[in-house]
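Student: structure-v3.tsv (TSV, C-alpha atoms and all ligand atoms) pasted underneath:
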```tsv
chain	number	residue	atom	x	y	z
A	130	MET	CA	24.76	8.42	4.73
A	131	ARG	CA	28.08	8.15	6.44
A	132	ALA	CA	30.47	5.19	6.62
A	133	LEU	CA	29.67	2.35	8.99
A	134	PRO	CA	30.85	3.00	12.55
A	135	GLU	CA	33.49	0.75	14.10
A	136	PHE	CA	32.28	-2.47	15.73
A	137	THR	CA	33.47	-5.98	16.47
A	138	LEU	CA	32.00	-8.57	14.13
A	139	HIS	CA	31.34	-12.05	15.55
A	140	ARG	CA	30.53	-14.89	13.19
A	141	PRO	CA	29.42	-17.83	15.37
A	142	ASP	CA	28.87	-21.24	13.80
A	143	SER	CA	26.49	-22.61	16.44
A	144	LEU	CA	23.18	-21.38	17.80
A	145	ALA	CA	24.46	-21.75	21.38
A	146	GLU	CA	27.41	-19.48	20.62
A	147	ALA	CA	25.18	-16.97	18.81
A	148	VAL	CA	22.74	-16.58	21.72
A	149	ALA	CA	25.61	-16.33	24.20
A	150	LEU	CA	27.26	-13.56	22.15
A	151	GLY	CA	23.93	-11.87	21.32
A	152	GLY	CA	23.03	-11.43	24.99
A	153	ALA	CA	25.96	-9.09	25.69
A	154	ALA	CA	25.13	-5.40	26.19
A	155	GLY	CA	25.68	-3.22	23.11
A	156	THR	CA	25.38	-6.18	20.72
A	157	ARG	CA	23.02	-6.49	17.73
A	158	LEU	CA	22.14	-9.47	15.58
A	159	LEU	CA	22.95	-9.16	11.88
A	160	ALA	CA	21.20	-11.20	9.18
A	161	GLY	CA	21.11	-9.80	5.60
A	162	GLY	CA	21.84	-6.31	6.91
A	163	THR	CA	19.43	-4.57	4.52
A	164	ASP	CA	17.57	-2.92	7.41
A	165	LEU	CA	20.23	-2.76	10.10
A	166	LEU	CA	23.21	-1.49	8.08
A	167	PRO	CA	21.46	1.59	6.60
A	168	ASN	CA	20.29	2.41	10.13
A	169	LEU	CA	23.87	2.17	11.42
A	170	ARG	CA	25.07	4.36	8.55
A	171	ARG	CA	22.47	6.95	9.56
A	172	GLY	CA	23.81	6.90	13.09
A	173	LEU	CA	20.52	5.59	14.49
A	174	GLU	CA	22.40	3.03	16.56
A	175	GLN	CA	26.02	2.53	17.58
A	176	PRO	CA	26.41	-1.10	18.68
A	177	GLN	CA	29.82	-2.21	19.93
A	178	ALA	CA	29.43	-5.64	18.33
A	179	LEU	CA	27.37	-7.39	15.66
A	180	VAL	CA	26.63	-11.11	15.66
A	181	ASP	CA	26.48	-12.30	12.06
A	182	LEU	CA	23.93	-15.15	11.81
A	183	SER	CA	24.93	-16.24	8.30
A	184	GLN	CA	26.86	-19.38	9.37
A	185	LEU	CA	23.99	-20.97	11.34
A	186	GLY	CA	22.71	-23.94	9.34
A	187	GLU	CA	19.59	-24.26	11.60
A	188	LEU	CA	18.38	-20.90	10.30
A	189	ARG	CA	18.38	-22.06	6.67
A	190	LEU	CA	15.88	-24.89	7.16
A	191	LEU	CA	12.93	-24.99	4.75
A	192	GLU	CA	10.86	-28.14	4.96
A	193	GLN	CA	7.38	-29.56	5.19
A	194	ALA	CA	6.57	-31.90	8.10
A	195	ALA	CA	4.47	-35.06	7.74
A	196	ASP	CA	1.41	-33.15	9.07
A	197	GLY	CA	1.74	-30.62	6.21
A	198	SER	CA	3.09	-27.76	8.35
A	199	LEU	CA	5.90	-25.69	6.94
A	200	ALA	CA	9.06	-24.87	8.91
A	201	ILE	CA	11.07	-21.94	7.58
A	202	GLY	CA	14.37	-20.91	9.18
A	203	ALA	CA	14.86	-17.25	10.03
A	204	GLY	CA	17.91	-17.15	7.75
A	205	VAL	CA	16.04	-18.20	4.60
A	206	THR	CA	16.34	-15.34	2.14
A	207	LEU	CA	13.37	-13.56	0.62
A	208	ALA	CA	14.71	-14.49	-2.84
A	209	THR	CA	14.36	-18.15	-1.80
A	210	LEU	CA	10.84	-17.59	-0.41
A	211	ALA	CA	9.92	-15.86	-3.66
A	212	SER	CA	11.06	-18.73	-5.88
A	213	ASP	CA	10.98	-21.94	-3.83
A	214	PRO	CA	8.62	-24.58	-5.31
A	215	LEU	CA	7.50	-25.84	-1.86
A	216	VAL	CA	6.48	-22.31	-0.80
A	217	ALA	CA	4.81	-21.70	-4.17
A	218	ARG	CA	2.79	-24.91	-3.73
A	219	THR	CA	1.83	-24.58	-0.06
A	220	LEU	CA	1.52	-20.83	0.53
A	221	PRO	CA	1.81	-18.85	-2.74
A	222	ALA	CA	0.80	-15.61	-0.97
A	223	LEU	CA	4.04	-15.84	1.03
A	224	ALA	CA	6.06	-15.99	-2.19
A	225	GLU	CA	4.11	-13.02	-3.51
A	226	ALA	CA	4.71	-11.01	-0.33
A	227	ALA	CA	8.44	-11.83	-0.52
A	228	ARG	CA	8.52	-10.58	-4.12
A	229	ALA	CA	6.94	-7.30	-2.96
A	230	VAL	CA	9.78	-6.52	-0.51
A	231	ALA	CA	12.33	-3.93	-1.62
A	232	ALA	CA	14.20	-4.80	-4.84
A	233	ASN	CA	15.87	-7.90	-6.28
A	234	THR	CA	19.29	-7.08	-4.91
A	235	HIS	CA	17.93	-6.60	-1.38
A	236	ARG	CA	16.01	-9.87	-1.52
A	237	THR	CA	19.09	-11.95	-2.29
A	238	SER	CA	20.49	-11.09	1.17
A	239	ALA	CA	17.35	-10.04	3.12
A	240	THR	CA	16.06	-12.81	5.39
A	241	LEU	CA	12.73	-13.88	6.83
A	242	GLY	CA	13.98	-13.24	10.41
A	243	GLY	CA	15.25	-9.78	9.50
A	244	ASN	CA	11.97	-8.96	7.82
A	245	LEU	CA	9.90	-9.93	10.86
A	246	CYS	CA	12.31	-8.19	13.25
A	247	GLN	CA	13.00	-5.08	11.15
A	248	ASP	CA	12.85	-1.73	12.92
A	249	THR	CA	9.79	0.51	12.68
A	250	ARG	CA	10.00	3.50	10.35
A	251	CYS	CA	9.21	7.22	10.51
A	252	VAL	CA	9.98	10.15	8.25
A	253	PHE	CA	11.33	12.07	11.27
A	254	TYR	CA	13.61	9.19	12.28
A	255	ASN	CA	14.97	7.40	9.19
A	256	GLN	CA	17.17	10.36	8.30
A	257	SER	CA	20.84	11.19	8.47
A	258	GLU	CA	22.43	12.33	11.71
A	259	TRP	CA	22.76	15.94	10.47
A	260	TRP	CA	19.07	16.01	9.39
A	261	ARG	CA	17.92	14.84	12.80
A	262	ALA	CA	20.33	17.15	14.64
A	263	THR	CA	19.10	20.12	12.56
A	264	ASN	CA	15.39	19.34	12.75
A	265	GLY	CA	15.42	18.11	16.33
A	266	TYR	CA	15.84	14.59	17.66
A	267	CYS	CA	12.67	12.78	18.62
A	268	LEU	CA	11.82	10.60	21.58
A	269	LYS	CA	12.65	7.37	19.76
A	270	ARG	CA	16.29	8.38	20.08
A	271	ASN	CA	18.06	11.26	21.84
A	272	GLY	CA	14.99	13.56	21.96
A	273	THR	CA	12.10	14.16	24.34
A	274	ARG	CA	9.19	14.87	21.97
A	275	CYS	CA	7.45	12.88	19.25
A	276	HIS	CA	7.14	15.13	16.17
A	277	VAL	CA	4.21	13.02	14.91
A	278	ALA	CA	2.11	13.18	18.09
A	279	PRO	CA	3.72	15.86	20.28
A	280	GLN	CA	1.09	15.52	23.03
A	281	GLY	CA	1.73	11.81	23.42
A	282	GLU	CA	4.39	9.85	25.24
A	283	ARG	CA	4.98	7.02	22.82
A	284	CYS	CA	6.50	6.51	19.41
A	285	HIS	CA	4.10	5.83	16.52
A	286	ALA	CA	6.68	4.76	13.91
A	287	ALA	CA	5.15	2.21	11.54
A	288	PHE	CA	6.10	-1.46	11.27
A	289	CYS	CA	6.48	-2.15	7.55
A	290	SER	CA	7.04	-5.89	7.09
A	291	ASP	CA	5.28	-7.14	3.96
A	292	ILE	CA	5.68	-10.72	5.15
A	293	ALA	CA	3.99	-10.43	8.56
A	294	PRO	CA	0.34	-10.09	7.36
A	295	VAL	CA	0.48	-13.35	5.36
A	296	LEU	CA	2.01	-15.22	8.29
A	297	LEU	CA	-0.54	-13.76	10.72
A	298	VAL	CA	-3.56	-14.90	8.72
A	299	ALA	CA	-1.88	-18.29	8.19
A	300	GLY	CA	-1.67	-18.72	11.99
A	301	ALA	CA	2.15	-18.89	12.09
A	302	GLU	CA	4.17	-19.42	15.26
A	303	VAL	CA	7.72	-18.31	15.91
A	304	GLN	CA	10.39	-20.33	17.69
A	305	LEU	CA	12.79	-18.19	19.71
A	306	ALA	CA	16.10	-19.11	21.35
A	307	SER	CA	18.08	-17.40	24.05
A	308	ALA	CA	20.77	-18.36	26.54
A	309	SER	CA	17.97	-19.52	28.87
A	310	GLY	CA	16.32	-21.89	26.37
A	311	THR	CA	13.72	-21.88	23.63
A	312	ARG	CA	10.07	-20.81	23.51
A	313	THR	CA	7.35	-20.78	20.89
A	314	LEU	CA	4.82	-17.96	20.47
A	315	PRO	CA	2.02	-17.14	18.06
A	316	LEU	CA	3.54	-14.57	15.68
A	317	ALA	CA	1.21	-11.82	16.97
A	318	GLN	CA	2.83	-12.11	20.41
A	319	LEU	CA	6.23	-11.21	18.98
A	320	TYR	CA	5.06	-7.61	18.74
A	321	ARG	CA	4.20	-4.72	21.06
A	322	ASP	CA	2.34	-1.54	20.19
A	323	ASP	CA	5.25	0.84	20.67
A	324	GLY	CA	7.27	2.12	17.72
A	325	ALA	CA	10.38	2.53	19.90
A	326	ALA	CA	10.26	-1.01	21.35
A	327	HIS	CA	8.02	-3.06	19.09
A	328	LEU	CA	9.56	-6.51	19.63
A	329	ALA	CA	8.80	-8.69	22.64
A	330	LEU	CA	12.26	-10.32	22.39
A	331	GLN	CA	14.48	-10.68	25.46
A	332	PRO	CA	17.99	-9.18	25.08
A	333	GLY	CA	19.95	-11.49	22.77
A	334	GLU	CA	16.89	-13.60	21.97
A	335	LEU	CA	16.94	-14.88	18.43
A	336	LEU	CA	14.18	-15.86	16.04
A	337	VAL	CA	15.11	-19.37	14.91
A	338	ARG	CA	12.23	-20.39	12.69
A	339	VAL	CA	8.64	-19.83	11.72
A	340	ARG	CA	6.14	-22.69	11.74
A	341	ILE	CA	3.10	-22.39	9.50
A	342	PRO	CA	0.33	-24.88	10.34
A	343	PRO	CA	-1.07	-27.08	7.58
A	344	ALA	CA	-3.56	-25.28	5.36
A	345	VAL	CA	-7.22	-25.88	6.19
A	346	VAL	CA	-8.89	-27.63	3.25
A	347	GLY	CA	-10.59	-25.07	1.04
A	348	GLU	CA	-8.91	-22.03	2.60
A	349	ARG	CA	-7.11	-19.58	0.34
A	350	ILE	CA	-4.80	-16.74	1.28
A	351	ALA	CA	-4.07	-13.66	-0.81
A	352	PHE	CA	-1.71	-10.70	-0.37
A	353	ALA	CA	-1.69	-7.15	-1.74
A	354	LYS	CA	0.39	-4.05	-1.12
A	355	THR	CA	0.17	-0.39	-1.94
A	356	ARG	CA	3.26	1.83	-2.12
A	357	VAL	CA	4.32	5.10	-3.72
A	358	ARG	CA	7.00	3.67	-6.05
A	359	GLY	CA	6.17	0.33	-7.64
A	360	GLY	CA	9.82	-0.64	-8.20
A	361	VAL	CA	11.06	-0.46	-4.62
A	362	ASP	CA	9.23	0.95	-1.65
A	363	PHE	CA	8.02	0.21	1.84
A	364	PRO	CA	4.27	-0.38	2.08
A	365	LEU	CA	1.82	2.43	2.71
A	366	ALA	CA	-0.27	-0.58	3.62
A	367	SER	CA	0.19	-4.33	3.10
A	368	ALA	CA	-2.75	-6.67	3.54
A	369	ALA	CA	-3.41	-10.40	3.63
A	370	VAL	CA	-6.79	-12.12	3.75
A	371	ALA	CA	-7.55	-15.80	4.43
A	372	LEU	CA	-10.95	-16.98	3.25
A	373	ARG	CA	-12.81	-20.30	3.29
A	374	LEU	CA	-16.20	-20.57	1.66
A	375	HIS	CA	-18.76	-23.30	2.31
A	376	GLU	CA	-21.69	-23.57	-0.09
A	377	GLY	CA	-21.05	-20.02	-1.27
A	378	ARG	CA	-20.96	-18.49	2.23
A	379	ILE	CA	-18.06	-17.35	4.38
A	380	ALA	CA	-17.00	-20.23	6.67
A	381	SER	CA	-13.88	-18.46	7.98
A	382	LEU	CA	-12.27	-15.10	7.36
A	383	ARG	CA	-9.13	-13.47	8.72
A	384	ALA	CA	-7.42	-10.25	7.65
A	385	ALA	CA	-4.10	-8.70	8.67
A	386	LEU	CA	-2.41	-5.40	7.92
A	387	SER	CA	1.08	-3.96	8.07
A	388	GLY	CA	2.56	-0.52	7.37
A	389	THR	CA	-0.12	1.38	9.29
A	390	ASN	CA	0.63	0.74	12.97
A	391	SER	CA	3.70	0.08	15.12
A	392	LEU	CA	2.90	-3.62	14.93
A	393	PRO	CA	1.24	-5.88	12.35
A	394	LEU	CA	-2.50	-6.13	13.05
A	395	LEU	CA	-4.75	-9.17	12.92
A	396	ILE	CA	-8.12	-7.51	12.36
A	397	GLU	CA	-10.72	-8.22	15.04
A	398	GLY	CA	-14.39	-8.89	14.34
A	399	THR	CA	-14.11	-10.75	11.02
A	400	ALA	CA	-15.95	-13.76	12.50
A	401	ALA	CA	-19.13	-11.65	12.36
A	402	LEU	CA	-19.06	-12.12	8.58
A	403	GLU	CA	-19.25	-15.90	8.81
A	404	GLY	CA	-22.40	-17.12	7.08
A	405	CYS	CA	-22.54	-14.10	4.74
A	406	THR	CA	-22.00	-14.26	1.00
A	407	VAL	CA	-19.08	-12.34	-0.45
A	408	ASP	CA	-20.61	-9.28	-2.05
A	409	GLU	CA	-20.37	-5.50	-1.91
A	410	ALA	CA	-21.93	-5.46	1.58
A	411	SER	CA	-19.50	-7.94	3.17
A	412	ALA	CA	-16.53	-6.32	1.39
A	413	LYS	CA	-17.69	-2.97	2.80
A	414	THR	CA	-17.98	-4.40	6.32
A	415	LEU	CA	-14.44	-5.78	6.11
A	416	ARG	CA	-13.20	-2.46	4.71
A	417	GLN	CA	-14.80	-0.63	7.63
A	418	LEU	CA	-13.41	-3.07	10.21
A	419	VAL	CA	-9.93	-2.44	8.82
A	420	GLN	CA	-10.37	1.32	8.62
A	421	LYS	CA	-11.52	1.48	12.25
A	422	GLN	CA	-8.61	-0.60	13.56
A	423	VAL	CA	-5.62	0.71	11.62
A	424	GLN	CA	-3.96	3.80	13.06
A	425	PRO	CA	-1.73	5.42	10.43
A	426	MET	CA	-0.03	8.55	11.78
A	427	ARG	CA	2.01	11.33	10.17
A	428	SER	CA	5.04	9.04	10.06
A	429	THR	CA	5.27	9.08	6.25
A	430	VAL	CA	4.88	11.84	3.66
A	431	THR	CA	1.64	10.19	2.52
A	432	PRO	CA	-1.33	11.48	4.55
A	433	PRO	CA	-2.68	9.11	7.23
A	434	GLN	CA	-6.22	9.30	5.87
A	435	TYR	CA	-5.04	8.02	2.48
A	436	ARG	CA	-3.24	5.09	4.14
A	437	ARG	CA	-6.34	4.29	6.21
A	438	GLU	CA	-8.54	4.31	3.09
A	439	ALA	CA	-6.02	2.28	1.11
A	440	ALA	CA	-5.73	-0.36	3.86
A	441	GLY	CA	-9.48	-0.92	3.89
A	442	VAL	CA	-9.74	-0.98	0.11
A	443	LEU	CA	-6.93	-3.55	-0.17
A	444	ALA	CA	-8.65	-5.90	2.30
A	445	GLY	CA	-12.05	-5.52	0.62
A	446	ARG	CA	-10.56	-6.22	-2.82
A	447	LEU	CA	-8.68	-9.25	-1.57
A	448	LEU	CA	-11.88	-10.69	-0.13
A	449	ARG	CA	-13.68	-10.29	-3.45
A	450	SER	CA	-10.82	-11.67	-5.51
A	451	LEU	CA	-10.50	-14.73	-3.26
A	452	ALA	CA	-14.22	-15.41	-3.62
A	453	LEU	CA	-13.93	-15.11	-7.40
A	454	GLN	CA	-11.08	-17.66	-7.41
A	455	ASP	CA	-13.44	-20.06	-5.64
A	456	GLY	CA	-15.84	-19.62	-8.52
B	1	LIG	C1	15.57	0.52	0.02
B	1	LIG	C2	14.91	-0.46	0.95
B	1	LIG	C3	13.62	-0.85	0.70
B	1	LIG	C4	12.97	-1.75	1.54
B	1	LIG	N1	11.70	-2.12	1.25
B	1	LIG	C5	11.05	-2.98	2.05
B	1	LIG	C6	9.72	-3.39	1.74
B	1	LIG	O1	9.16	-3.00	0.73
B	1	LIG	N2	9.10	-4.25	2.59
B	1	LIG	C7	9.70	-4.74	3.71
B	1	LIG	O2	9.09	-5.54	4.42
B	1	LIG	N3	10.97	-4.37	4.03
B	1	LIG	C8	11.66	-3.53	3.24
B	1	LIG	N4	12.95	-3.15	3.53
B	1	LIG	C9	13.54	-3.56	4.81
B	1	LIG	C10	14.45	-4.80	4.74
B	1	LIG	O3	15.19	-4.81	3.55
B	1	LIG	C11	13.67	-6.08	4.79
B	1	LIG	O4	12.70	-6.03	5.81
B	1	LIG	C12	14.55	-7.30	5.02
B	1	LIG	O5	13.77	-8.47	4.97
B	1	LIG	C13	15.31	-7.29	6.34
B	1	LIG	O6	16.00	-8.52	6.44
B	1	LIG	P1	17.56	-8.58	6.73
B	1	LIG	O7	17.93	-10.01	6.79
B	1	LIG	O8	18.33	-7.76	5.77
B	1	LIG	O9	17.60	-7.92	8.18
B	1	LIG	P2	18.78	-7.20	8.97
B	1	LIG	O10	18.96	-5.84	8.44
B	1	LIG	O11	19.98	-8.06	9.05
B	1	LIG	O12	18.11	-7.16	10.41
B	1	LIG	C14	16.96	-6.37	10.64
B	1	LIG	C15	16.66	-6.40	12.15
B	1	LIG	O13	16.25	-7.70	12.53
B	1	LIG	C16	17.10	-8.24	13.54
B	1	LIG	N5	17.23	-9.66	13.22
B	1	LIG	C17	17.64	-10.19	12.04
B	1	LIG	N6	17.55	-11.53	12.10
B	1	LIG	C18	17.09	-11.84	13.34
B	1	LIG	C19	16.78	-13.07	13.99
B	1	LIG	N7	16.93	-14.25	13.39
B	1	LIG	N8	16.31	-13.02	15.27
B	1	LIG	C20	16.14	-11.81	15.90
B	1	LIG	N9	16.42	-10.63	15.32
B	1	LIG	C21	16.88	-10.64	14.05
B	1	LIG	C22	18.40	-7.45	13.43
B	1	LIG	O14	19.07	-7.42	14.67
B	1	LIG	C23	17.89	-6.09	13.00
B	1	LIG	O15	17.46	-5.37	14.13
B	1	LIG	C24	13.65	-2.27	2.69
B	1	LIG	C25	14.96	-1.87	2.93
B	1	LIG	C26	15.59	-0.98	2.09
B	1	LIG	C27	17.00	-0.57	2.38
B	2	LIG	S1	6.70	8.55	15.63
B	2	LIG	FE1	7.52	10.23	16.86
B	2	LIG	S2	8.97	9.32	18.32
B	2	LIG	FE2	8.52	7.80	16.73
B	2	LIG	S3	10.17	8.05	15.25
B	2	LIG	FE3	8.47	9.37	14.55
B	2	LIG	S4	8.82	11.36	15.46
B	2	LIG	FE4	10.13	9.90	16.51
```
Before we go any further, please render this structure as structure tokens.

Tutor:
Amino acid sequence: MRALPEFTLHRPDSLAEAVALGGAAGTRLLAGGTDLLPNLRRGLEQPQALVDLSQLGELRLLEQAADGSLAIGAGVTLATLASDPLVARTLPALAEAARAVAANTHRTSATLGGNLCQDTRCVFYNQSEWWRATNGYCLKRNGTRCHVAPQGERCHAAFCSDIAPVLLVAGAEVQLASASGTRTLPLAQLYRDDGAAHLALQPGELLVRVRIPPAVVGERIAFAKTRVRGGVDFPLASAAVALRLHEGRIASLRAALSGTNSLPLLIEGTAALEGCTVDEASAKTLRQLVQKQVQPMRSTVTPPQYRREAAGVLAGRLLRSLALQDG
């Protein structure tokens, strides 16, 4: 990797100033920098200015409201999510997912907002400038052809947030701010199915906080990830499952996946399992639902079929382990 390119660094101390600065052309928001800065050093982007969000107190909020919902500022670090007693008590799967991101040193600066807004990844893209120049630029940047799906017209780079699946099954919403005001969206609506433009953010729009609704009584959420290197690695697949049992049968079931598509997926069709017991048959149905809906492509060195299988297996195992916890 080469040295960082030249840019102007803004360090606003109010949200209003940050969104005003962030809306300017050629400007990028900077949180912990663990995703953005390596990309800049690879020459994947050349912004004229960065807006450092580290001084914004609003982004560091972490509190539980009277109704039991959890508000977590975009600037809360993954190290905090991994160790905070309130998170451990209310949504332990979120702490577990945070612990699964990168390595310790990354997590001390990496933030929740940066994790949810991180760029998509592809083995033909996350390379040095000379590698891409030698092997041919692709349509995500500077090129005209996707090396993964040359017949297609879109980028299939994978979105690899380990945090997103847990928040999706927990029904989280995101609060966004821009120069024209604030809006709140279900987390799923933050994403688009396009590896080259996967965020539905307006230019300069900033993720302020995530709101997680109060847990439904009796519902449990679990997270699991598979990766090549256990110490530090992006997910081949990350999965979260939310399960509530009533009298030994499935009363509600949701599953979400990351690492396989250009956006995190909330799996469709899980309601069909309501009323079933958790056994090999229901775990197989969930596995098949996942395997039909994920779309891993040749964007990593691990074959797509392996990632598809692994995604389904993770979800099926999570379902069974949640049922076992319920006794
Ligand atoms: C070696 C290595 C391993 C990694 N492994 C993993 C992994 O296993 N799992 C995983 O999920 N990630 C992984 N990552 C990616 C990254 O470290 C994490 O996703 C991290 O949480 C990003 O947060 P950040 O604060 O550093 O983001 P930054 O790098 O500061 O920002 C990332 C992107 O989000 C945007 N952004 C940041 N904050 C906001 C906001 N509040 N509103 C709008 N946009 C915003 C930035 O403009 C930028 O485009 C890895 C990175 C490295 C270098
Ligand atoms: S999926 Fe295709 S267009 Fe997207 S980064 Fe990879 S090679 Fe480039």

Student: When you draw a straight line from atom CA of Leu453 of chain A to atom CA of Gly377 of chain A, how long is it in Å?

Tutor: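 Rounded to one decimal, the two atoms are 10.6 Å apart.
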
Student: Which residues of chain A have any atom within 8 Å of an atom in ligand LIG 1 (chain B) when counting all atoms listed in the file, and what is the closest pair of atoms for each, with the distance in Å to one decimal? Order the rows by chain and rising number and write it as CSV.

Tutor:
```
residue,atom,partner,partner_atom,distance
A:Arg157,CA,B:LIG1,O14,5.1
A:Leu158,CA,B:LIG1,O14,3.8
A:Leu159,CA,B:LIG1,O11,4.2
A:Ala160,CA,B:LIG1,O11,3.4
A:Gly161,CA,B:LIG1,O7,3.4
A:Gly162,CA,B:LIG1,O10,3.3
A:Thr163,CA,B:LIG1,O8,3.6
A:Asp164,CA,B:LIG1,O10,3.4
A:Leu165,CA,B:LIG1,O10,3.7
A:Leu166,CA,B:LIG1,O10,6.1
A:Pro167,CA,B:LIG1,C27,6.5
A:Leu182,CA,B:LIG1,N7,7.2
A:Leu188,CA,B:LIG1,N7,7.5
A:Ala203,CA,B:LIG1,N7,5.0
A:Gly204,CA,B:LIG1,N7,6.4
A:Thr206,CA,B:LIG1,O7,7.2
A:Leu207,CA,B:LIG1,O5,6.7
A:Ala229,CA,B:LIG1,O1,6.1
A:Val230,CA,B:LIG1,O1,3.8
A:Ala231,CA,B:LIG1,N1,3.5
A:Ala232,CA,B:LIG1,C3,6.8
A:His235,CA,B:LIG1,O3,5.9
A:Arg236,CA,B:LIG1,O5,7.0
A:Ser238,CA,B:LIG1,O8,6.1
A:Ala239,CA,B:LIG1,O8,3.6
A:Thr240,CA,B:LIG1,O7,3.6
A:Leu241,CA,B:LIG1,O5,5.8
A:Gly242,CA,B:LIG1,N6,4.3
A:Gly243,CA,B:LIG1,O9,3.3
A:Asn244,CA,B:LIG1,O5,3.4
A:Leu245,CA,B:LIG1,O13,6.9
A:Cys246,CA,B:LIG1,O13,4.0
A:Gln247,CA,B:LIG1,C15,4.0
A:Asp248,CA,B:LIG1,O15,6.0
A:Cys289,CA,B:LIG1,O2,5.3
A:Ser290,CA,B:LIG1,O2,3.4
A:Asp291,CA,B:LIG1,O2,4.2
A:Ile292,CA,B:LIG1,O2,6.2
A:Leu305,CA,B:LIG1,N8,7.7
A:Leu330,CA,B:LIG1,C20,7.7
A:Gly333,CA,B:LIG1,C20,7.9
A:Glu334,CA,B:LIG1,C20,6.4
A:Leu335,CA,B:LIG1,N8,3.7
A:Leu336,CA,B:LIG1,N8,3.6
A:Val337,CA,B:LIG1,N7,5.6
A:Arg338,CA,B:LIG1,N7,7.8
A:Val361,CA,B:LIG1,C3,5.9
A:Asp362,CA,B:LIG1,O1,4.6
A:Phe363,CA,B:LIG1,O1,3.6
A:Pro364,CA,B:LIG1,O1,5.7
```

Student: Take the residues that were just selected and, keeping C-alpha atoms, output them as an mmCIF file, in the frame of the given file.

Tutor:
```
data_model
loop_
_atom_site.group_PDB
_atom_site.id
_atom_site.type_symbol
_atom_site.label_atom_id
_atom_site.label_comp_id
_atom_site.auth_asym_id
_atom_site.auth_seq_id
_atom_site.Cartn_x
_atom_site.Cartn_y
_atom_site.Cartn_z
ATOM 1 C CA ARG A 157 23.020 -6.490 17.730
ATOM 2 C CA LEU A 158 22.140 -9.470 15.580
ATOM 3 C CA LEU A 159 22.950 -9.160 11.880
ATOM 4 C CA ALA A 160 21.200 -11.200 9.180
ATOM 5 C CA GLY A 161 21.110 -9.800 5.600
ATOM 6 C CA GLY A 162 21.840 -6.310 6.910
ATOM 7 C CA THR A 163 19.430 -4.570 4.520
ATOM 8 C CA ASP A 164 17.570 -2.920 7.410
ATOM 9 C CA LEU A 165 20.230 -2.760 10.100
ATOM 10 C CA LEU A 166 23.210 -1.490 8.080
ATOM 11 C CA PRO A 167 21.460 1.590 6.600
ATOM 12 C CA LEU A 182 23.930 -15.150 11.810
ATOM 13 C CA LEU A 188 18.380 -20.900 10.300
ATOM 14 C CA ALA A 203 14.860 -17.250 10.030
ATOM 15 C CA GLY A 204 17.910 -17.150 7.750
ATOM 16 C CA THR A 206 16.340 -15.340 2.140
ATOM 17 C CA LEU A 207 13.370 -13.560 0.620
ATOM 18 C CA ALA A 229 6.940 -7.300 -2.960
ATOM 19 C CA VAL A 230 9.780 -6.520 -0.510
ATOM 20 C CA ALA A 231 12.330 -3.930 -1.620
ATOM 21 C CA ALA A 232 14.200 -4.800 -4.840
ATOM 22 C CA HIS A 235 17.930 -6.600 -1.380
ATOM 23 C CA ARG A 236 16.010 -9.870 -1.520
ATOM 24 C CA SER A 238 20.490 -11.090 1.170
ATOM 25 C CA ALA A 239 17.350 -10.040 3.120
ATOM 26 C CA THR A 240 16.060 -12.810 5.390
ATOM 27 C CA LEU A 241 12.730 -13.880 6.830
ATOM 28 C CA GLY A 242 13.980 -13.240 10.410
ATOM 29 C CA GLY A 243 15.250 -9.780 9.500
ATOM 30 C CA ASN A 244 11.970 -8.960 7.820
ATOM 31 C CA LEU A 245 9.900 -9.930 10.860
ATOM 32 C CA CYS A 246 12.310 -8.190 13.250
ATOM 33 C CA GLN A 247 13.000 -5.080 11.150
ATOM 34 C CA ASP A 248 12.850 -1.730 12.920
ATOM 35 C CA CYS A 289 6.480 -2.150 7.550
ATOM 36 C CA SER A 290 7.040 -5.890 7.090
ATOM 37 C CA ASP A 291 5.280 -7.140 3.960
ATOM 38 C CA ILE A 292 5.680 -10.720 5.150
ATOM 39 C CA LEU A 305 12.790 -18.190 19.710
ATOM 40 C CA LEU A 330 12.260 -10.320 22.390
ATOM 41 C CA GLY A 333 19.950 -11.490 22.770
ATOM 42 C CA GLU A 334 16.890 -13.600 21.970
ATOM 43 C CA LEU A 335 16.940 -14.880 18.430
ATOM 44 C CA LEU A 336 14.180 -15.860 16.040
ATOM 45 C CA VAL A 337 15.110 -19.370 14.910
ATOM 46 C CA ARG A 338 12.230 -20.390 12.690
ATOM 47 C CA VAL A 361 11.060 -0.460 -4.620
ATOM 48 C CA ASP A 362 9.230 0.950 -1.650
ATOM 49 C CA PHE A 363 8.020 0.210 1.840
ATOM 50 C CA PRO A 364 4.270 -0.380 2.080
#
```

Student: Would you list the contacts of Pro425 of chain A as a ChimeraX atom specification, taking every protein, DNA or RNA residue within 6 Å and counting only C-alpha atoms, but skipping same-chain residues closer than 5 positions in sequence?

Tutor: /A:389-390,433

Student: Can I get the residues of chain A within 6 Å of ligand LIG 2 (chain B), each with the closest pair of atoms and their distance in Å to one decimal, using all atoms listed in the file, sorted chain first then ascending number, as a Markdown table?

Tutor:
```
| residue | atom | partner | partner_atom | distance |
| --- | --- | --- | --- | --- |
| A:Cys251 | CA | B:LIG2 | FE3 | 4.6 |
| A:Phe253 | CA | B:LIG2 | S4 | 4.9 |
| A:Tyr254 | CA | B:LIG2 | S3 | 4.7 |
| A:Cys267 | CA | B:LIG2 | FE4 | 4.4 |
| A:Leu268 | CA | B:LIG2 | S2 | 4.5 |
| A:Lys269 | CA | B:LIG2 | S2 | 4.4 |
| A:Cys275 | CA | B:LIG2 | FE1 | 3.6 |
| A:His276 | CA | B:LIG2 | S4 | 4.2 |
| A:Val277 | CA | B:LIG2 | FE1 | 4.7 |
| A:Cys284 | CA | B:LIG2 | FE2 | 3.6 |
| A:His285 | CA | B:LIG2 | S1 | 3.9 |
| A:Ala286 | CA | B:LIG2 | S1 | 4.2 |
| A:Gly324 | CA | B:LIG2 | FE2 | 5.9 |
| A:Ser428 | CA | B:LIG2 | FE3 | 5.7 |
```
